[in-house]
Every structure is written in structure tokens, then in C-alpha cells.
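Source file: start-v6.cif (mmCIF, C-alpha atoms)
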```
data_start
loop_
_atom_site.group_PDB
_atom_site.id
_atom_site.type_symbol
_atom_site.label_atom_id
_atom_site.label_comp_id
_atom_site.auth_asym_id
_atom_site.auth_seq_id
_atom_site.Cartn_x
_atom_site.Cartn_y
_atom_site.Cartn_z
ATOM 1 C CA MET V 5 0.000 0.000 0.000
ATOM 2 C CA ASP V 6 1.563 3.322 -1.051
ATOM 3 C CA SER V 7 1.419 6.436 1.129
ATOM 4 C CA TYR V 8 -1.450 8.008 -0.846
ATOM 5 C CA THR V 9 -3.590 4.881 -0.567
ATOM 6 C CA ALA V 10 -2.813 4.648 3.140
ATOM 7 C CA GLY V 11 -3.678 8.333 3.583
ATOM 8 C CA GLU V 12 -6.905 7.817 1.660
ATOM 9 C CA ALA V 13 -7.819 4.860 3.886
ATOM 10 C CA VAL V 14 -7.131 6.775 7.112
ATOM 11 C CA ALA V 15 -9.055 9.818 5.849
ATOM 12 C CA GLY V 16 -11.943 7.520 4.996
ATOM 13 C CA VAL V 17 -12.077 5.885 8.412
ATOM 14 C CA VAL V 18 -11.960 9.257 10.175
ATOM 15 C CA GLY V 19 -14.627 10.527 7.755
ATOM 16 C CA LEU V 20 -16.900 7.655 8.761
ATOM 17 C CA VAL V 21 -16.355 8.501 12.422
ATOM 18 C CA TYR V 22 -17.343 12.100 11.610
ATOM 19 C CA VAL V 23 -20.626 11.057 9.967
ATOM 20 C CA ILE V 24 -21.516 8.588 12.726
ATOM 21 C CA PHE V 25 -20.985 11.351 15.297
ATOM 22 C CA VAL V 26 -23.129 13.750 13.218
ATOM 23 C CA ILE V 27 -25.957 11.195 13.124
ATOM 24 C CA ARG V 28 -25.730 10.869 16.904
ATOM 25 C CA GLN V 29 -25.539 14.665 17.259
ATOM 26 C CA ASN V 30 -22.253 14.303 19.118
ATOM 27 C CA VAL V 31 -20.178 17.503 19.072
ATOM 28 C CA TRP V 32 -16.988 15.449 18.641
ATOM 29 C CA CYS V 33 -17.980 15.104 14.987
ATOM 30 C CA TRP V 34 -16.314 18.447 14.313
ATOM 31 C CA PRO V 35 -12.746 17.563 15.420
ATOM 32 C CA ALA V 36 -13.022 14.269 13.491
ATOM 33 C CA GLY V 37 -14.159 16.221 10.452
ATOM 34 C CA LEU V 38 -11.188 18.552 10.723
ATOM 35 C CA VAL V 39 -8.748 15.642 10.643
ATOM 36 C CA SER V 40 -10.516 13.950 7.725
ATOM 37 C CA ALA V 41 -10.632 17.158 5.673
ATOM 38 C CA GLY V 42 -6.936 17.810 6.246
ATOM 39 C CA LEU V 43 -5.993 14.334 5.030
ATOM 40 C CA TYR V 44 -8.274 14.546 2.011
ATOM 41 C CA ILE V 45 -6.589 17.740 0.825
ATOM 42 C CA LEU V 46 -3.516 15.618 0.118
ATOM 43 C CA VAL V 47 -5.476 12.724 -1.426
ATOM 44 C CA PHE V 48 -7.387 14.931 -3.871
ATOM 45 C CA PHE V 49 -4.315 16.928 -4.847
ATOM 46 C CA HIS V 50 -2.634 13.693 -5.876
ATOM 47 C CA ALA V 51 -5.757 12.601 -7.825
ATOM 48 C CA ARG V 52 -6.037 15.995 -9.628
ATOM 49 C CA LEU V 53 -9.559 16.531 -8.283
ATOM 50 C CA TYR V 54 -8.873 20.156 -7.450
ATOM 51 C CA GLY V 55 -12.444 21.071 -6.733
ATOM 52 C CA GLN V 56 -12.642 18.314 -4.142
ATOM 53 C CA MET V 57 -9.310 19.484 -2.726
ATOM 54 C CA ALA V 58 -10.556 23.062 -2.406
ATOM 55 C CA LEU V 59 -13.769 21.779 -0.851
ATOM 56 C CA GLN V 60 -11.804 20.191 1.975
ATOM 57 C CA GLY V 61 -10.187 23.557 2.736
ATOM 58 C CA VAL V 62 -13.597 25.202 2.976
ATOM 59 C CA TYR V 63 -14.823 22.269 5.066
ATOM 60 C CA ILE V 64 -12.191 23.119 7.631
ATOM 61 C CA LEU V 65 -13.789 26.560 8.046
ATOM 62 C CA PHE V 66 -17.278 25.033 8.164
ATOM 63 C CA MET V 67 -16.140 22.501 10.768
ATOM 64 C CA ILE V 68 -15.063 25.321 13.056
ATOM 65 C CA TYR V 69 -18.362 27.137 12.438
ATOM 66 C CA GLY V 70 -20.418 23.980 13.022
ATOM 67 C CA TRP V 71 -18.556 23.208 16.230
ATOM 68 C CA HIS V 72 -19.443 26.648 17.559
ATOM 69 C CA GLU V 73 -23.056 26.488 16.390
ATOM 70 C CA TRP V 74 -23.748 23.073 17.885
ATOM 71 C CA LEU V 75 -22.415 24.255 21.251
ATOM 72 C CA ARG V 76 -23.747 27.831 21.331
ATOM 73 C CA GLY V 77 -26.104 28.384 18.377
ATOM 74 C CA GLY V 78 -29.363 27.391 20.030
ATOM 75 C CA GLU V 79 -31.824 29.457 21.985
ATOM 76 C CA ALA V 80 -30.175 31.710 24.569
ATOM 77 C CA GLY V 81 -26.746 30.554 23.407
ATOM 78 C CA GLY V 82 -27.469 26.928 24.290
ATOM 79 C CA ARG V 83 -27.395 23.618 22.449
ATOM 80 C CA LEU V 84 -28.668 23.636 18.872
ATOM 81 C CA VAL V 85 -31.517 21.208 18.136
ATOM 82 C CA VAL V 86 -32.626 19.611 14.868
ATOM 83 C CA SER V 87 -35.071 21.756 12.905
ATOM 84 C CA HIS V 88 -36.215 22.505 9.357
ATOM 85 C CA ALA V 89 -34.422 25.041 7.183
ATOM 86 C CA PRO V 90 -36.643 28.059 6.531
ATOM 87 C CA GLY V 91 -38.113 28.072 3.010
ATOM 88 C CA ARG V 92 -36.224 31.174 1.931
ATOM 89 C CA TRP V 93 -32.952 29.515 2.941
ATOM 90 C CA ARG V 94 -33.768 26.380 0.932
ATOM 91 C CA VAL V 95 -34.477 28.443 -2.196
ATOM 92 C CA ALA V 96 -31.452 30.699 -1.744
ATOM 93 C CA LEU V 97 -29.086 27.794 -1.128
ATOM 94 C CA GLY V 98 -30.449 25.859 -4.124
ATOM 95 C CA VAL V 99 -29.961 28.812 -6.482
ATOM 96 C CA ALA V 100 -26.551 29.681 -5.033
ATOM 97 C CA GLY V 101 -25.452 26.039 -5.239
ATOM 98 C CA ALA V 102 -26.413 25.749 -8.915
ATOM 99 C CA ALA V 103 -24.813 29.083 -9.856
ATOM 100 C CA PHE V 104 -21.585 28.262 -8.041
ATOM 101 C CA ALA V 105 -21.461 24.775 -9.609
ATOM 102 C CA LEU V 106 -21.687 26.264 -13.103
ATOM 103 C CA ALA V 107 -19.140 29.019 -12.477
ATOM 104 C CA PHE V 108 -16.686 26.725 -10.715
ATOM 105 C CA GLY V 109 -17.104 24.053 -13.390
ATOM 106 C CA LEU V 110 -16.210 26.560 -16.097
ATOM 107 C CA LEU V 111 -13.175 27.670 -14.122
ATOM 108 C CA LEU V 112 -11.970 24.099 -13.643
ATOM 109 C CA LYS V 113 -12.578 23.258 -17.305
ATOM 110 C CA HIS V 114 -10.704 26.232 -18.722
ATOM 111 C CA GLN V 115 -7.999 26.873 -16.110
ATOM 112 C CA THR V 116 -6.911 23.439 -14.859
ATOM 113 C CA ASP V 117 -6.308 19.899 -16.043
ATOM 114 C CA ALA V 118 -9.258 18.660 -13.954
ATOM 115 C CA VAL V 119 -10.614 15.367 -15.255
ATOM 116 C CA LEU V 120 -14.328 15.882 -14.464
ATOM 117 C CA PRO V 121 -14.740 19.637 -14.067
ATOM 118 C CA PHE V 122 -18.541 19.945 -13.911
ATOM 119 C CA TRP V 123 -19.157 16.814 -11.846
ATOM 120 C CA ASP V 124 -16.365 17.897 -9.525
ATOM 121 C CA ALA V 125 -17.777 21.422 -9.288
ATOM 122 C CA GLY V 126 -21.332 20.197 -8.692
ATOM 123 C CA THR V 127 -20.356 17.945 -5.828
ATOM 124 C CA VAL V 128 -18.208 20.720 -4.362
ATOM 125 C CA SER V 129 -20.992 23.260 -4.559
ATOM 126 C CA PHE V 130 -23.727 21.113 -3.088
ATOM 127 C CA SER V 131 -21.412 19.653 -0.454
ATOM 128 C CA LEU V 132 -20.952 23.216 0.769
ATOM 129 C CA VAL V 133 -24.721 23.658 0.835
ATOM 130 C CA ALA V 134 -25.108 20.397 2.757
ATOM 131 C CA GLN V 135 -22.338 21.304 5.196
ATOM 132 C CA LEU V 136 -23.961 24.656 5.977
ATOM 133 C CA LEU V 137 -27.284 22.913 6.552
ATOM 134 C CA THR V 138 -25.512 20.405 8.830
ATOM 135 C CA ALA V 139 -23.817 23.177 10.801
ATOM 136 C CA ARG V 140 -27.258 24.640 11.539
ATOM 137 C CA LYS V 141 -28.728 21.158 12.284
ATOM 138 C CA TRP V 142 -31.300 21.567 9.523
ATOM 139 C CA ILE V 143 -32.684 18.146 8.597
ATOM 140 C CA GLU V 144 -32.624 18.920 4.869
ATOM 141 C CA SER V 145 -28.851 18.515 5.038
ATOM 142 C CA TRP V 146 -29.268 14.745 4.778
ATOM 143 C CA LEU V 147 -31.262 14.973 1.538
ATOM 144 C CA VAL V 148 -28.534 17.064 -0.075
ATOM 145 C CA TRP V 149 -25.858 14.688 1.249
ATOM 146 C CA ILE V 150 -27.698 11.737 -0.313
ATOM 147 C CA ALA V 151 -27.667 13.419 -3.740
ATOM 148 C CA VAL V 152 -23.994 14.415 -3.414
ATOM 149 C CA ASP V 153 -23.013 10.901 -2.328
ATOM 150 C CA VAL V 154 -24.726 9.274 -5.322
ATOM 151 C CA VAL V 155 -22.878 11.533 -7.789
ATOM 152 C CA SER V 156 -19.596 11.200 -5.883
ATOM 153 C CA VAL V 157 -19.670 7.393 -6.056
ATOM 154 C CA GLY V 158 -19.759 7.545 -9.859
ATOM 155 C CA MET V 159 -17.035 10.179 -9.998
ATOM 156 C CA TYR V 160 -14.648 8.286 -7.719
ATOM 157 C CA VAL V 161 -15.208 4.964 -9.513
ATOM 158 C CA SER V 162 -14.295 6.670 -12.788
ATOM 159 C CA GLN V 163 -10.981 7.804 -11.247
ATOM 160 C CA ARG V 164 -10.267 4.402 -9.639
ATOM 161 C CA LEU V 165 -10.307 5.849 -6.129
ATOM 162 C CA TYR V 166 -11.740 2.619 -4.777
ATOM 163 C CA PRO V 167 -11.290 3.195 -1.030
ATOM 164 C CA THR V 168 -12.962 6.602 -1.433
ATOM 165 C CA THR V 169 -15.716 5.015 -3.541
ATOM 166 C CA ALA V 170 -16.368 2.498 -0.763
ATOM 167 C CA LEU V 171 -16.379 5.354 1.736
ATOM 168 C CA PHE V 172 -19.005 7.248 -0.252
ATOM 169 C CA VAL V 173 -21.183 4.154 -0.554
ATOM 170 C CA ALA V 174 -20.978 3.979 3.248
ATOM 171 C CA PHE V 175 -21.707 7.731 3.438
ATOM 172 C CA LEU V 176 -24.791 7.185 1.294
ATOM 173 C CA VAL V 177 -26.096 4.507 3.646
ATOM 174 C CA LEU V 178 -25.251 6.671 6.656
ATOM 175 C CA ALA V 179 -26.978 9.688 5.102
ATOM 176 C CA VAL V 180 -30.196 7.702 4.814
ATOM 177 C CA LEU V 181 -29.795 6.549 8.416
ATOM 178 C CA GLY V 182 -28.970 10.115 9.477
ATOM 179 C CA PHE V 183 -32.140 11.440 7.891
ATOM 180 C CA VAL V 184 -34.213 8.804 9.707
ATOM 181 C CA GLU V 185 -32.486 9.479 13.046
ATOM 182 C CA TRP V 186 -32.741 13.275 12.798
ATOM 183 C CA ARG V 187 -36.379 12.994 11.758
ATOM 184 C CA ARG V 188 -37.034 10.975 14.921
ATOM 185 C CA SER V 189 -35.173 13.596 16.960
ATOM 186 C CA LEU V 190 -37.175 16.364 15.297
ATOM 187 C CA ARG V 191 -40.438 14.690 16.326
ATOM 188 C CA GLU V 192 -39.251 13.987 19.882
ATOM 189 C CA GLU V 193 -37.952 17.492 20.506
ATOM 190 C CA GLY V 194 -40.855 19.189 18.744
ATOM 191 C CA ALA V 195 -38.237 21.546 17.279
ATOM 192 C CA GLY V 196 -39.308 21.605 13.664
ATOM 193 C CA GLY V 197 -39.840 25.338 13.658
ATOM 194 C CA PRO V 198 -41.809 27.169 11.022
ATOM 195 C CA VAL V 199 -41.358 26.094 7.423
ATOM 196 C CA GLU V 200 -41.778 29.143 5.226
#
```
How would this structure read if it were set down as C-alpha cells?
Amino acid sequence: MDSYTAGEAVAGVVGLVYVIFVIRQNVWCWPAGLVSAGLYILVFFHARLYGQMALQGVYILFMIYGWHEWLRGGEAGGRLVVSHAPGRWRVALGVAGAAFALAFGLLLKHQTDAVLPFWDAGTVSFSLVAQLLTARKWIESWLVWIAVDVVSVGMYVSQRLYPTTALFVAFLVLAVLGFVEWRRSLREEGAGGPVE
């Protein structure tokens, strides 16, 4: 096993720990996510998936934000609970995600040697949307993660990143489980909030 494959495997295991902690709403998801993102920067640089590499850098910022929000972003500076994203946020994030995917895809196509510029850009863009939704504990995050994971599996298979492909198959299963678990939590806490 070469160093890149070993790094990919370690990043994948830590990434699974991150998602399992997110499902359980355990704040330790954020430090695990920081480690996984840092390792994946190196993996994606080697694979020439520059959009995915850049995404990991932004994830690091989102991990710090999410860590803060989960600890202090709730009512009166308390614990954040699962809720629905307001309608205006869903629309704005959908439009922003699509616009960024197109613009970033064009940049990757014309300015780099990226192998799958628009697929790469689309998964980057909507991963950012999903990560923001996760940081706010909005249940819709899981639906976006499911879509991103499906596309990512195809992209990673095409580049023969088999450990990462296996990881994203696992992420897909976990995203479905996460949606079910957070939906249960939403009902139990009665914290759905208004859906505009």
C-alpha cells in the first residue's frame, strides 16, 4: 500500500467517524471532520480533483463554524436542536449552489487539467450547501448529502479511487440513516420550527 492509498484509507475511516458522530448529534464530529478534511486535501491533490481538494479547505472553516453552532447556536446561546431550514434559505441555497457549480465548473474546465470539471464542481458546490445545513442542524442537510453521495460514487469509480468510492457508498447509507435518526429527533424534541 503506497502512502497516498494509506492516507486515503485513514481519511476515509476518520470521515466515517465524523458522519456517525453527526448522526448521533455528538459535538466530537467536528474535530473528526477537521482531521478527515486535512488528510483529504492531500489525497485529492494527488488525484487531480482540485475542486474536491478546495472543498476540503472550505470544510475546515465550516467545521469550526459547526462546532461553535452546535455548542452555542441554540436558543439563549445553548445547544442547537434539529429543525427545518426556513423556506427562503432552501431556495437561496439551491440557487446559489447551482450558480456556483456552473461558475466553478467553467473555471476548472478552462484553467486546470481537472478530469471531471462539472461533476467535480457540482459535488463541491452542493457539499458546501449540505455542510452549511448540517452546521445549523437543519434536517434537509441529509437529503442534499444523499444526492452528493450518489454523484460522488460515480465520480470516484471513474478515477479508480476505490477506497474513497467504498467510503461514499458507506456515506450514502449513513446519510439515509442520518435522515431517519434526525427525523425521529425532530419529532421527539418538537423543534421543527416554522417552514416558510
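When all atoms listed in the file are used to compute distances to V:Val23, the closest of the residues V:Leu132, V:Ala89, V:Leu176, V:Leu46 turns out to be V:Leu176.
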* Asked: Which residues fall under the PyMOL selection byres ((chain V and resi 142-147) around 8) in this file, as number ranges by chain?
  -> V: 86-89, 133-141, 148-151, 179-180, 182-183, 186-187
For the point (-19.1, 25.2, -11.4) in file coordinates, what residues are within 12 Å, counting all atoms listed in the file? Give the answer as a short mmCIF file (atom, residue, chain, number, x, y, z; two decimals) with C-alpha atoms, keeping the file's coordinate frame?
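Output file selection_1.cif is given in full below:
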```cif
data_model
loop_
_atom_site.label_atom_id
_atom_site.label_comp_id
_atom_site.auth_asym_id
_atom_site.auth_seq_id
_atom_site.Cartn_x
_atom_site.Cartn_y
_atom_site.Cartn_z
CA GLY V 55 -12.44 21.07 -6.73
CA GLN V 56 -12.64 18.31 -4.14
CA ALA V 100 -26.55 29.68 -5.03
CA GLY V 101 -25.45 26.04 -5.24
CA ALA V 102 -26.41 25.75 -8.91
CA ALA V 103 -24.81 29.08 -9.86
CA PHE V 104 -21.58 28.26 -8.04
CA ALA V 105 -21.46 24.78 -9.61
CA LEU V 106 -21.69 26.26 -13.10
CA ALA V 107 -19.14 29.02 -12.48
CA PHE V 108 -16.69 26.72 -10.72
CA GLY V 109 -17.10 24.05 -13.39
CA LEU V 110 -16.21 26.56 -16.10
CA LEU V 111 -13.18 27.67 -14.12
CA LEU V 112 -11.97 24.10 -13.64
CA LYS V 113 -12.58 23.26 -17.30
CA HIS V 114 -10.70 26.23 -18.72
CA LEU V 120 -14.33 15.88 -14.46
CA PRO V 121 -14.74 19.64 -14.07
CA PHE V 122 -18.54 19.94 -13.91
CA TRP V 123 -19.16 16.81 -11.85
CA ASP V 124 -16.36 17.90 -9.52
CA ALA V 125 -17.78 21.42 -9.29
CA GLY V 126 -21.33 20.20 -8.69
CA THR V 127 -20.36 17.94 -5.83
CA VAL V 128 -18.21 20.72 -4.36
CA SER V 129 -20.99 23.26 -4.56
CA PHE V 130 -23.73 21.11 -3.09
#
```
* Just say which residues the PyMOL selection byres ((chain V and resi 164-174) around 9) picks in this file, as a list in words. => Thr9, Glu12, Ala13, Ala15, Gly16, Val17, Gly19, Leu20, Ala51, Asp153, Val154, Ser156, Val157, Gly158, Met159, Tyr160, Val161, Ser162, Gln163, Phe175, Leu176, Val177, Leu178 and Ala179 of chain V
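Counting only C-alpha atoms, the residue from V:Arg83, V:Arg52, V:Arg94, V:His72 that sits nearest to V:Val119 is V:Arg52.
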* Atomic distance atom CA of V:Tyr44 - atom CA of V:Leu97, expressed in Å with one decimal -> 24.9 Å
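Our summary of the geometry notes that atom CA of V:Tyr22 is positioned 22.9 Å from atom CA of V:His50.
Take the candidates V:Ser189, V:Trp74, V:Tyr54, V:Phe49 and check each one against V:Cys33 using only C-alpha atoms; the shortest distance goes to V:Trp74.
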* To do: Report the distance between atom CA of V:Gly61 and atom CA of V:Val47 in Å, rounded to one decimal place.
  => 12.5 Å
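Take the PyMOL selection byres ((chain V and resi 36-41) around 7) and apply it to this file: it picks Ala15, Val18, Gly19, Val21, Tyr22, Trp32, Cys33, Trp34, Pro35, Gly42, Leu43, Tyr44, Ile45, Gln60, Tyr63, Ile64 and Met67 of chain V.
Distance check against V:Asn30 using all atoms listed in the file: of V:Val14, V:Leu84, V:Leu65, V:Val152, the minimum falls on V:Leu84.
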Which centre and which edge lengths, in Å to one decimal, describe the axis-aligned box that holds all listed atoms of stretch 25-29 of chain V after 4 Å is added on each side, as JSON?
```
{"center_x": -23.5, "center_y": 12.8, "center_z": 15.2, "size_x": 13.0, "size_y": 11.8, "size_z": 12.1}
```
